[in-house]
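With PDB, C-alpha atoms inside, this is work_36.pdb:
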ATOM      1  CA  MET A  20       7.481  11.259  13.802  1.00  0.00           C
ATOM      2  CA  GLU A  21       6.128   7.752  14.451  1.00  0.00           C
ATOM      3  CA  ASN A  22       9.460   6.000  13.924  1.00  0.00           C
ATOM      4  CA  THR A  23      11.196   8.528  16.158  1.00  0.00           C
ATOM      5  CA  LEU A  24       8.488   8.169  18.797  1.00  0.00           C
ATOM      6  CA  ASP A  25       8.875   4.396  18.862  1.00  0.00           C
ATOM      7  CA  GLY A  26      12.640   4.779  18.992  1.00  0.00           C
ATOM      8  CA  TYR A  27      12.497   7.016  22.069  1.00  0.00           C
ATOM      9  CA  ALA A  28      10.094   4.580  23.735  1.00  0.00           C
ATOM     10  CA  HIS A  29      12.805   1.893  23.496  1.00  0.00           C
ATOM     11  CA  SER A  30      15.818   4.053  24.420  1.00  0.00           C
ATOM     12  CA  ASN A  31      14.709   6.696  26.942  1.00  0.00           C
ATOM     13  CA  GLY A  32      16.035   7.158  30.456  1.00  0.00           C
ATOM     14  CA  LEU A  33      12.903   5.633  32.050  1.00  0.00           C
ATOM     15  CA  LYS A  34      12.698   2.614  29.752  1.00  0.00           C
ATOM     16  CA  ASN A  35      13.657   0.204  32.545  1.00  0.00           C
ATOM     17  CA  ALA A  36      11.241   1.666  35.088  1.00  0.00           C
ATOM     18  CA  ASN A  37       8.372  -0.546  36.196  1.00  0.00           C
ATOM     19  CA  VAL A  38       5.739  -0.629  33.446  1.00  0.00           C
ATOM     20  CA  SER A  39       2.787  -1.085  35.799  1.00  0.00           C
ATOM     21  CA  PHE A  40       3.950   1.910  37.833  1.00  0.00           C
ATOM     22  CA  LYS A  41       4.148   4.102  34.727  1.00  0.00           C
ATOM     23  CA  VAL A  42       0.683   3.040  33.555  1.00  0.00           C
ATOM     24  CA  LEU A  43      -0.820   3.589  37.007  1.00  0.00           C
ATOM     25  CA  PHE A  44       0.882   6.976  37.337  1.00  0.00           C
ATOM     26  CA  ALA A  45      -0.367   8.152  33.932  1.00  0.00           C
ATOM     27  CA  ILE A  46      -3.964   6.988  34.498  1.00  0.00           C
ATOM     28  CA  LEU A  47      -4.302   8.416  38.027  1.00  0.00           C
ATOM     29  CA  THR A  48      -2.741  11.721  37.031  1.00  0.00           C
ATOM     30  CA  MET A  49      -5.063  11.991  34.049  1.00  0.00           C
ATOM     31  CA  VAL A  50      -8.063  11.386  36.325  1.00  0.00           C
ATOM     32  CA  VAL A  51      -6.848  14.178  38.616  1.00  0.00           C
ATOM     33  CA  CYS A  52      -6.667  16.496  35.577  1.00  0.00           C
ATOM     34  CA  LEU A  53     -10.260  15.693  34.678  1.00  0.00           C
ATOM     35  CA  LEU A  54     -11.461  16.197  38.259  1.00  0.00           C
ATOM     36  CA  SER A  55      -9.878  19.622  38.585  1.00  0.00           C
ATOM     37  CA  THR A  56     -12.262  22.568  38.230  1.00  0.00           C
ATOM     38  CA  SER A  57      -9.389  25.020  37.993  1.00  0.00           C
ATOM     39  CA  PRO A  58      -6.632  25.158  35.342  1.00  0.00           C
ATOM     40  CA  VAL A  59      -3.910  25.442  38.003  1.00  0.00           C
ATOM     41  CA  VAL A  60      -3.508  21.721  38.714  1.00  0.00           C
ATOM     42  CA  PRO A  61      -3.628  20.526  35.053  1.00  0.00           C
ATOM     43  CA  LEU A  62      -1.065  23.162  34.056  1.00  0.00           C
ATOM     44  CA  THR A  63       1.121  22.165  37.013  1.00  0.00           C
ATOM     45  CA  ILE A  64       0.907  18.522  35.948  1.00  0.00           C
ATOM     46  CA  THR A  65       1.837  19.501  32.385  1.00  0.00           C
ATOM     47  CA  ILE A  66       4.939  21.340  33.586  1.00  0.00           C
ATOM     48  CA  LEU A  67       6.043  18.589  35.981  1.00  0.00           C
ATOM     49  CA  ILE A  68       5.607  15.763  33.462  1.00  0.00           C
ATOM     50  CA  SER A  69       7.378  17.833  30.805  1.00  0.00           C
ATOM     51  CA  LEU A  70      10.338  18.315  33.144  1.00  0.00           C
ATOM     52  CA  ILE A  71      10.398  14.573  33.895  1.00  0.00           C
ATOM     53  CA  LEU A  72      10.390  13.704  30.194  1.00  0.00           C
ATOM     54  CA  ILE A  73      13.072  16.227  29.278  1.00  0.00           C
ATOM     55  CA  PHE A  74      15.498  15.818  32.193  1.00  0.00           C
ATOM     56  CA  LYS A  75      14.805  12.325  33.546  1.00  0.00           C
ATOM     57  CA  ALA A  76      13.758  10.434  30.410  1.00  0.00           C
ATOM     58  CA  ARG A  77      16.163  12.557  28.317  1.00  0.00           C
ATOM     59  CA  ILE A  78      13.691  13.281  25.529  1.00  0.00           C
ATOM     60  CA  PRO A  79      15.109  16.071  23.313  1.00  0.00           C
ATOM     61  CA  LEU A  80      13.396  19.399  23.945  1.00  0.00           C
ATOM     62  CA  LYS A  81      12.938  20.141  20.230  1.00  0.00           C
ATOM     63  CA  PHE A  82      11.215  16.824  19.596  1.00  0.00           C
ATOM     64  CA  TYR A  83       9.004  17.141  22.670  1.00  0.00           C
ATOM     65  CA  LEU A  84       7.875  20.660  21.722  1.00  0.00           C
ATOM     66  CA  LYS A  85       7.072  19.415  18.231  1.00  0.00           C
ATOM     67  CA  PHE A  86       5.178  16.481  19.736  1.00  0.00           C
ATOM     68  CA  LEU A  87       3.253  18.855  22.020  1.00  0.00           C
ATOM     69  CA  SER A  88       2.486  21.433  19.327  1.00  0.00           C
ATOM     70  CA  ILE A  89      -0.571  19.665  17.836  1.00  0.00           C
ATOM     71  CA  PRO A  90      -2.595  19.357  21.086  1.00  0.00           C
ATOM     72  CA  PHE A  91      -1.421  22.846  22.064  1.00  0.00           C
ATOM     73  CA  ILE A  92      -2.835  24.364  18.859  1.00  0.00           C
ATOM     74  CA  PHE A  93      -6.046  22.346  19.204  1.00  0.00           C
ATOM     75  CA  GLY A  94      -6.458  23.387  22.843  1.00  0.00           C
ATOM     76  CA  PHE A  95      -5.663  27.040  22.123  1.00  0.00           C
ATOM     77  CA  LEU A  96      -8.243  27.239  19.332  1.00  0.00           C
ATOM     78  CA  THR A  97     -10.791  25.617  21.644  1.00  0.00           C
ATOM     79  CA  PHE A  98      -9.932  28.196  24.306  1.00  0.00           C
ATOM     80  CA  VAL A  99     -10.433  31.095  21.882  1.00  0.00           C
ATOM     81  CA  PHE A 100     -13.773  29.834  20.554  1.00  0.00           C
ATOM     82  CA  MET A 101     -15.113  29.073  24.029  1.00  0.00           C
ATOM     83  CA  ALA A 102     -14.043  32.475  25.332  1.00  0.00           C
ATOM     84  CA  ILE A 103     -15.962  34.211  22.540  1.00  0.00           C
ATOM     85  CA  PHE A 104     -18.957  32.006  21.762  1.00  0.00           C
ATOM     86  CA  PHE A 105     -19.696  30.096  24.989  1.00  0.00           C
ATOM     87  CA  GLY A 106     -19.953  32.989  27.402  1.00  0.00           C
ATOM     88  CA  THR A 107     -23.326  34.091  28.744  1.00  0.00           C
ATOM     89  CA  GLY A 108     -22.413  36.149  31.801  1.00  0.00           C
ATOM     90  CA  GLU A 109     -20.528  39.370  32.319  1.00  0.00           C
ATOM     91  CA  THR A 110     -18.535  40.752  29.391  1.00  0.00           C
ATOM     92  CA  TRP A 111     -14.809  41.096  30.004  1.00  0.00           C
ATOM     93  CA  PHE A 112     -14.018  43.231  26.940  1.00  0.00           C
ATOM     94  CA  ASN A 113     -15.363  43.845  23.435  1.00  0.00           C
ATOM     95  CA  ILE A 114     -13.234  42.784  20.495  1.00  0.00           C
ATOM     96  CA  GLY A 115     -14.737  45.456  18.276  1.00  0.00           C
ATOM     97  CA  LEU A 116     -15.265  43.154  15.296  1.00  0.00           C
ATOM     98  CA  PHE A 117     -18.683  41.748  14.290  1.00  0.00           C
ATOM     99  CA  ASN A 118     -19.955  42.624  17.780  1.00  0.00           C
ATOM    100  CA  LEU A 119     -17.820  39.857  19.276  1.00  0.00           C
ATOM    101  CA  ALA A 120     -16.903  39.972  22.946  1.00  0.00           C
ATOM    102  CA  VAL A 121     -14.976  37.876  25.458  1.00  0.00           C
ATOM    103  CA  TYR A 122     -17.066  36.795  28.446  1.00  0.00           C
ATOM    104  CA  LYS A 123     -15.596  36.078  31.848  1.00  0.00           C
ATOM    105  CA  ASP A 124     -17.278  32.693  32.277  1.00  0.00           C
ATOM    106  CA  GLY A 125     -16.376  31.698  28.712  1.00  0.00           C
ATOM    107  CA  PHE A 126     -12.757  32.705  29.287  1.00  0.00           C
ATOM    108  CA  ASN A 127     -12.502  30.687  32.506  1.00  0.00           C
ATOM    109  CA  LEU A 128     -14.198  27.645  30.946  1.00  0.00           C
ATOM    110  CA  GLY A 129     -12.012  27.802  27.842  1.00  0.00           C
ATOM    111  CA  LEU A 130      -8.862  28.107  29.937  1.00  0.00           C
ATOM    112  CA  LEU A 131      -9.932  25.079  31.993  1.00  0.00           C
ATOM    113  CA  VAL A 132     -10.506  22.992  28.857  1.00  0.00           C
ATOM    114  CA  PHE A 133      -7.162  24.134  27.441  1.00  0.00           C
ATOM    115  CA  ALA A 134      -5.376  23.145  30.659  1.00  0.00           C
ATOM    116  CA  ARG A 135      -7.131  19.760  30.741  1.00  0.00           C
ATOM    117  CA  VAL A 136      -6.114  19.076  27.138  1.00  0.00           C
ATOM    118  CA  LEU A 137      -2.463  19.789  27.895  1.00  0.00           C
ATOM    119  CA  GLY A 138      -2.537  17.883  31.181  1.00  0.00           C
ATOM    120  CA  GLY A 139      -4.215  14.818  29.725  1.00  0.00           C
ATOM    121  CA  PHE A 140      -1.961  14.783  26.677  1.00  0.00           C
ATOM    122  CA  SER A 141       1.156  15.120  28.816  1.00  0.00           C
ATOM    123  CA  CYS A 142       0.082  11.967  30.678  1.00  0.00           C
ATOM    124  CA  LEU A 143      -0.362  10.135  27.381  1.00  0.00           C
ATOM    125  CA  ALA A 144       2.968  11.518  26.164  1.00  0.00           C
ATOM    126  CA  PHE A 145       4.627  10.155  29.307  1.00  0.00           C
ATOM    127  CA  LEU A 146       3.368   6.673  28.455  1.00  0.00           C
ATOM    128  CA  ALA A 147       4.092   6.910  24.732  1.00  0.00           C
ATOM    129  CA  LEU A 148       7.632   8.255  25.132  1.00  0.00           C
ATOM    130  CA  THR A 149       8.773   6.017  28.001  1.00  0.00           C
ATOM    131  CA  THR A 150       6.955   2.706  27.444  1.00  0.00           C
ATOM    132  CA  PRO A 151       7.295   0.405  24.410  1.00  0.00           C
ATOM    133  CA  MET A 152       3.921  -0.694  23.081  1.00  0.00           C
ATOM    134  CA  THR A 153       4.753  -4.374  23.529  1.00  0.00           C
ATOM    135  CA  GLU A 154       5.214  -3.853  27.273  1.00  0.00           C
ATOM    136  CA  LEU A 155       2.062  -1.756  27.447  1.00  0.00           C
ATOM    137  CA  PHE A 156       0.065  -4.544  25.784  1.00  0.00           C
ATOM    138  CA  SER A 157       1.389  -7.019  28.345  1.00  0.00           C
ATOM    139  CA  VAL A 158       0.154  -4.792  31.189  1.00  0.00           C
ATOM    140  CA  LEU A 159      -3.260  -4.491  29.545  1.00  0.00           C
ATOM    141  CA  GLU A 160      -3.385  -8.258  29.219  1.00  0.00           C
ATOM    142  CA  SER A 161      -2.659  -8.635  32.940  1.00  0.00           C
ATOM    143  CA  LEU A 162      -5.612  -6.294  33.597  1.00  0.00           C
ATOM    144  CA  ARG A 163      -7.883  -8.863  31.900  1.00  0.00           C
ATOM    145  CA  ILE A 164      -8.556  -6.766  28.808  1.00  0.00           C
ATOM    146  CA  PRO A 165     -10.280  -9.081  26.271  1.00  0.00           C
ATOM    147  CA  LYS A 166      -7.727 -10.809  24.054  1.00  0.00           C
ATOM    148  CA  ILE A 167      -9.569  -9.942  20.876  1.00  0.00           C
ATOM    149  CA  VAL A 168      -9.215  -6.237  21.729  1.00  0.00           C
ATOM    150  CA  LEU A 169      -5.494  -6.620  22.362  1.00  0.00           C
ATOM    151  CA  GLU A 170      -5.011  -8.658  19.173  1.00  0.00           C
ATOM    152  CA  ILE A 171      -6.689  -5.970  17.075  1.00  0.00           C
ATOM    153  CA  ALA A 172      -4.691  -3.231  18.813  1.00  0.00           C
ATOM    154  CA  MET A 173      -1.373  -5.045  18.261  1.00  0.00           C
ATOM    155  CA  LEU A 174      -2.137  -5.697  14.601  1.00  0.00           C
ATOM    156  CA  MET A 175      -3.208  -2.090  14.101  1.00  0.00           C
ATOM    157  CA  TYR A 176       0.017  -0.918  15.726  1.00  0.00           C
ATOM    158  CA  ARG A 177       2.056  -3.205  13.469  1.00  0.00           C
ATOM    159  CA  PHE A 178       0.276  -2.108  10.300  1.00  0.00           C
ATOM    160  CA  ILE A 179       0.807   1.557  11.122  1.00  0.00           C
ATOM    161  CA  PHE A 180       4.507   0.990  10.511  1.00  0.00           C
ATOM    162  CA  VAL A 181       3.765  -1.094   7.415  1.00  0.00           C
ATOM    163  CA  PHE A 182       1.766   1.857   6.087  1.00  0.00           C
ATOM    164  CA  LEU A 183       4.501   4.360   6.952  1.00  0.00           C
ATOM    165  CA  GLY A 184       7.206   2.152   5.466  1.00  0.00           C
ATOM    166  CA  GLU A 185       5.383   1.849   2.158  1.00  0.00           C
ATOM    167  CA  ALA A 186       4.723   5.587   2.069  1.00  0.00           C
ATOM    168  CA  GLU A 187       8.398   6.334   2.739  1.00  0.00           C
ATOM    169  CA  ASN A 188       9.605   3.904   0.055  1.00  0.00           C
ATOM    170  CA  MET A 189       7.218   5.327  -2.540  1.00  0.00           C
ATOM    171  CA  TYR A 190       8.174   8.906  -1.647  1.00  0.00           C
ATOM    172  CA  ARG A 191      11.889   8.184  -1.946  1.00  0.00           C
ATOM    173  CA  SER A 192      11.384   6.447  -5.288  1.00  0.00           C
ATOM    174  CA  GLN A 193       9.453   9.425  -6.621  1.00  0.00           C
ATOM    175  CA  ASN A 194      11.966  11.899  -5.205  1.00  0.00           C
ATOM    176  CA  THR A 195      14.932  10.186  -6.875  1.00  0.00           C
ATOM    177  CA  ARG A 196      13.067  10.533 -10.184  1.00  0.00           C
ATOM    178  CA  LEU A 197      12.570  14.295  -9.606  1.00  0.00           C
ATOM    179  CA  GLY A 198       8.908  13.762  -8.879  1.00  0.00           C
ATOM    180  CA  TYR A 199       8.916  16.762  -6.532  1.00  0.00           C
ATOM    181  CA  GLY A 200      11.062  19.100  -8.636  1.00  0.00           C
ATOM    182  CA  SER A 201       8.229  21.510  -9.374  1.00  0.00           C
ATOM    183  CA  LEU A 202       4.799  22.374  -8.006  1.00  0.00           C
ATOM    184  CA  LYS A 203       3.053  20.588 -10.889  1.00  0.00           C
ATOM    185  CA  ASN A 204       5.153  17.449 -10.459  1.00  0.00           C
ATOM    186  CA  THR A 205       4.581  17.562  -6.690  1.00  0.00           C
ATOM    187  CA  TYR A 206       0.804  17.510  -7.063  1.00  0.00           C
ATOM    188  CA  HIS A 207       1.031  14.748  -9.653  1.00  0.00           C
ATOM    189  CA  SER A 208       3.392  12.656  -7.497  1.00  0.00           C
ATOM    190  CA  LEU A 209       1.287  13.091  -4.363  1.00  0.00           C
ATOM    191  CA  GLY A 210      -1.801  12.025  -6.287  1.00  0.00           C
ATOM    192  CA  MET A 211      -0.081   8.860  -7.527  1.00  0.00           C
ATOM    193  CA  LEU A 212       1.282   8.158  -4.040  1.00  0.00           C
ATOM    194  CA  MET A 213      -2.113   8.455  -2.366  1.00  0.00           C
ATOM    195  CA  SER A 214      -3.893   6.399  -5.033  1.00  0.00           C
ATOM    196  CA  ASN A 215      -1.415   3.518  -4.851  1.00  0.00           C
ATOM    197  CA  LEU A 216      -0.528   3.615  -1.149  1.00  0.00           C
ATOM    198  CA  PHE A 217      -3.593   1.703   0.063  1.00  0.00           C
ATOM    199  CA  ILE A 218      -3.130  -1.100  -2.492  1.00  0.00           C
ATOM    200  CA  ARG A 219       0.599  -1.411  -1.733  1.00  0.00           C
ATOM    201  CA  THR A 220      -0.061  -1.428   2.008  1.00  0.00           C
ATOM    202  CA  TRP A 221      -2.808  -4.025   1.645  1.00  0.00           C
ATOM    203  CA  LEU A 222      -0.519  -6.340  -0.367  1.00  0.00           C
ATOM    204  CA  THR A 223       2.304  -5.893   2.139  1.00  0.00           C
ATOM    205  CA  GLY A 224      -0.131  -6.594   4.968  1.00  0.00           C
ATOM    206  CA  GLU A 225      -1.155  -9.833   3.290  1.00  0.00           C
ATOM    207  CA  GLN A 226       2.517 -10.839   3.113  1.00  0.00           C
ATOM    208  CA  VAL A 227       2.922 -10.040   6.818  1.00  0.00           C
ATOM    209  CA  TYR A 228      -0.077 -12.234   7.649  1.00  0.00           C
ATOM    210  CA  ILE A 229       1.283 -15.099   5.520  1.00  0.00           C
ATOM    211  CA  SER A 230       4.611 -14.759   7.343  1.00  0.00           C
ATOM    212  CA  MET A 231       2.783 -14.981  10.683  1.00  0.00           C
ATOM    213  CA  GLU A 232       0.918 -18.107   9.605  1.00  0.00           C
ATOM    214  CA  SER A 233       4.153 -19.721   8.441  1.00  0.00           C
ATOM    215  CA  ARG A 234       5.453 -19.190  11.992  1.00  0.00           C
ATOM    216  CA  CYS A 235       2.534 -21.108  13.543  1.00  0.00           C
ATOM    217  CA  TYR A 236       0.218 -18.156  14.179  1.00  0.00           C
ATOM    218  CA  ASN A 237      -3.030 -19.622  15.558  1.00  0.00           C
ATOM    219  CA  GLY A 238      -5.024 -16.450  16.176  1.00  0.00           C
ATOM    220  CA  SER A 239      -3.323 -15.552  19.450  1.00  0.00           C
ATOM    221  CA  ILE A 240      -0.341 -13.232  19.820  1.00  0.00           C
ATOM    222  CA  ARG A 241       1.660 -13.839  22.972  1.00  0.00           C
ATOM    223  CA  THR A 242       3.167 -10.984  24.933  1.00  0.00           C
ATOM    224  CA  LEU A 243       6.107 -10.932  27.320  1.00  0.00           C
ATOM    225  CA  LYS A 244       4.803 -10.103  30.772  1.00  0.00           C
ATOM    226  CA  PRO A 245       6.928  -7.834  33.004  1.00  0.00           C
ATOM    227  CA  GLN A 246       8.520  -9.644  35.939  1.00  0.00           C
ATOM    228  CA  LYS A 247       9.149  -6.652  38.222  1.00  0.00           C
ATOM    229  CA  ASN A 248       6.670  -5.705  40.920  1.00  0.00           C
ATOM    230  CA  ILE A 249       6.018  -2.147  42.028  1.00  0.00           C
ATOM    231  CA  THR A 250       8.400  -1.397  44.883  1.00  0.00           C
ATOM    232  CA  PRO A 251       7.177   0.184  48.155  1.00  0.00           C
ATOM    233  CA  ARG A 252       9.267   3.254  47.327  1.00  0.00           C
ATOM    234  CA  ASN A 253       7.426   3.725  44.031  1.00  0.00           C
ATOM    235  CA  ILE A 254       4.058   3.216  45.738  1.00  0.00           C
ATOM    236  CA  LEU A 255       4.957   5.852  48.335  1.00  0.00           C
ATOM    237  CA  MET A 256       6.047   8.281  45.618  1.00  0.00           C
ATOM    238  CA  LEU A 257       2.847   7.694  43.673  1.00  0.00           C
ATOM    239  CA  ILE A 258       0.589   8.168  46.701  1.00  0.00           C
ATOM    240  CA  SER A 259       2.465  11.312  47.767  1.00  0.00           C
ATOM    241  CA  PHE A 260       2.312  12.898  44.316  1.00  0.00           C
ATOM    242  CA  GLU A 261      -1.357  12.135  43.710  1.00  0.00           C
ATOM    243  CA  SER A 262      -2.269  13.267  47.237  1.00  0.00           C
ATOM    244  CA  ILE A 263      -0.564  16.618  46.689  1.00  0.00           C
ATOM    245  CA  MET A 264      -2.369  17.033  43.374  1.00  0.00           C
ATOM    246  CA  ILE A 265      -5.739  16.160  44.941  1.00  0.00           C
ATOM    247  CA  ILE A 266      -5.124  18.691  47.726  1.00  0.00           C
ATOM    248  CA  GLY A 267      -4.308  21.212  45.016  1.00  0.00           C
ATOM    249  CA  VAL A 268      -7.590  20.399  43.271  1.00  0.00           C
ATOM    250  CA  TYR A 269      -9.472  21.056  46.509  1.00  0.00           C
ATOM    251  CA  LEU A 270      -7.665  24.295  47.327  1.00  0.00           C
ATOM    252  CA  THR A 271      -8.089  25.737  43.816  1.00  0.00           C
ATOM    253  CA  SER A 272     -11.649  24.514  43.202  1.00  0.00           C
ATOM    254  CA  ASN A 273     -13.116  28.042  43.336  1.00  0.00           C
ATOM    255  CA  LEU A 274     -10.145  29.868  41.780  1.00  0.00           C
ATOM    256  CA  LYS A 275     -10.987  31.999  38.741  1.00  0.00           C
ATOM    257  CA  PHE A 276      -8.464  33.939  36.703  1.00  0.00           C
ATOM    258  CA  ILE A 277     -10.841  36.783  35.851  1.00  0.00           C
TER
END

Could I get this file's structure written as structure tokens?
Amino acid sequence: MENTLDGYAHSNGLKNANVSFKVLFAILTMVVCLLSTSPVVPLTITILISLILIFKARIPLKFYLKFLSIPFIFGFLTFVFMAIFFGTGETWFNIGLFNLAVYKDGFNLGLLVFARVLGGFSCLAFLALTTPMTELFSVLESLRIPKIVLEIAMLMYRFIFVFLGEAENMYRSQNTRLGYGSLKNTYHSLGMLMSNLFIRTWLTGEQVYISMESRCYNGSIRTLKPQKNITPRNILMLISFESIMIIGVYLTSNLKFI
């Protein structure tokens, strides 16, 4: 998943779009999702961004649905629990099990949280699937984010792939030796993999750091700053989209589904 995600970030249809515009679009749209008191606008944002990613950025539908499945399950479970346990007003209907009931205010609140989860995650997915992390770090540096924070973030991002690479190599080595041929061997192989993965990753990380020092690393990682400025056309599109969403937030502020 992580290698595929990074691959799409470098080869999608919106890869050459202005990085600052994409960051600004994602942040402002996420703020609109959080400001909405009705699930209509966050769900609309989720649908629109999904269409942009699938048809404009050319992200495969199967991969995007798989990528969206984890926050969807998390948001749906939150919706169910809030509908049952967080309601205090009028009962919508009784479940008939352990005296549980769905309350109208709990249902509406749970649906709002569910919509905000999907809307906020779709904004993050837009950034993750269309913007390489190196370009994103350069934008954060231009926003005067402390260098120590960016250095730690870049090293963490690098070591994620070191960790995944070691895990993949160990898994393939075990698999070629029939380490996963039976349930007993699978448990034994997974136990050995987990017990040795941290040590192997730590040693590989030390080698990466030595390689950086041999290439004159002095405690500061330089990033390539984007040269393109946001065009007036992009600014107009951004203002128009966010204005429509804000108007939608105002018009649906008192909308309840039940």

Selection under test: the PyMOL selection byres ((chain A and resi 269-274) around 9); residues as a PyMOL selection string: chain A and resi 55-60+264-268+275-276

May I have the residues within 12 Å of Tyr228 (chain A) as a PDB file with C-alpha atoms, keeping the file's coordinate frame, using all atoms listed in the file and disregarding those fewer than 6 positions away in the same chain?
ATOM      1  CA  LEU A 174      -2.137  -5.697  14.601  1.00  0.00           C
ATOM      2  CA  ARG A 177       2.056  -3.205  13.469  1.00  0.00           C
ATOM      3  CA  PHE A 178       0.276  -2.108  10.300  1.00  0.00           C
ATOM      4  CA  VAL A 181       3.765  -1.094   7.415  1.00  0.00           C
ATOM      5  CA  TRP A 221      -2.808  -4.025   1.645  1.00  0.00           C
ATOM      6  CA  LEU A 222      -0.519  -6.340  -0.367  1.00  0.00           C
ATOM      7  CA  ARG A 234       5.453 -19.190  11.992  1.00  0.00           C
ATOM      8  CA  CYS A 235       2.534 -21.108  13.543  1.00  0.00           C
ATOM      9  CA  TYR A 236       0.218 -18.156  14.179  1.00  0.00           C
ATOM     10  CA  ASN A 237      -3.030 -19.622  15.558  1.00  0.00           C
ATOM     11  CA  GLY A 238      -5.024 -16.450  16.176  1.00  0.00           C
TER      12      GLY A 238
END

Two-atom distance - CA of Phe100 (chain A), CA of Val50 (chain A) (Å): 24.9 Å

Residues matched by the PyMOL selection byres ((chain A and resi 65) around 9), written as a ChimeraX atom specification: /A:60-64,66-70,134,137-142

Nearest to Met152 (chain A) by atom-to-atom distance, counting only C-alpha atoms, from A:Phe44, A:Phe217, A:Tyr176, A:Phe93: A:Tyr176

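Excluding region 143-148 of chain A and any residue on its chain fewer than 3 positions from it, the residues at most 7 Å away by only C-alpha atoms are Leu24, Tyr27, Ala28, Lys41, Val42, Ala45, Leu72, Gly139 and Phe140 of chain A.
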
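A straight line drawn from CA of Ser161 (chain A) to CA of Ser233 (chain A) is 27.7 Å long.
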
Selection result for the PyMOL selection byres ((chain A and resi 188-202) around 10) on this file, as a ChimeraX atom specification: /A:183-187,203-209,211-213,215-216,219

CA of Ile164 (chain A) to CA of Asn253 (chain A), straight-line distance in Å: 24.4 Å

Exercise: residues within 10 Å of coordinate (8.9, 1.0, 20.9), counting all atoms listed in the file, as a PyMOL selection string: chain A and resi 21-30+34+147-155
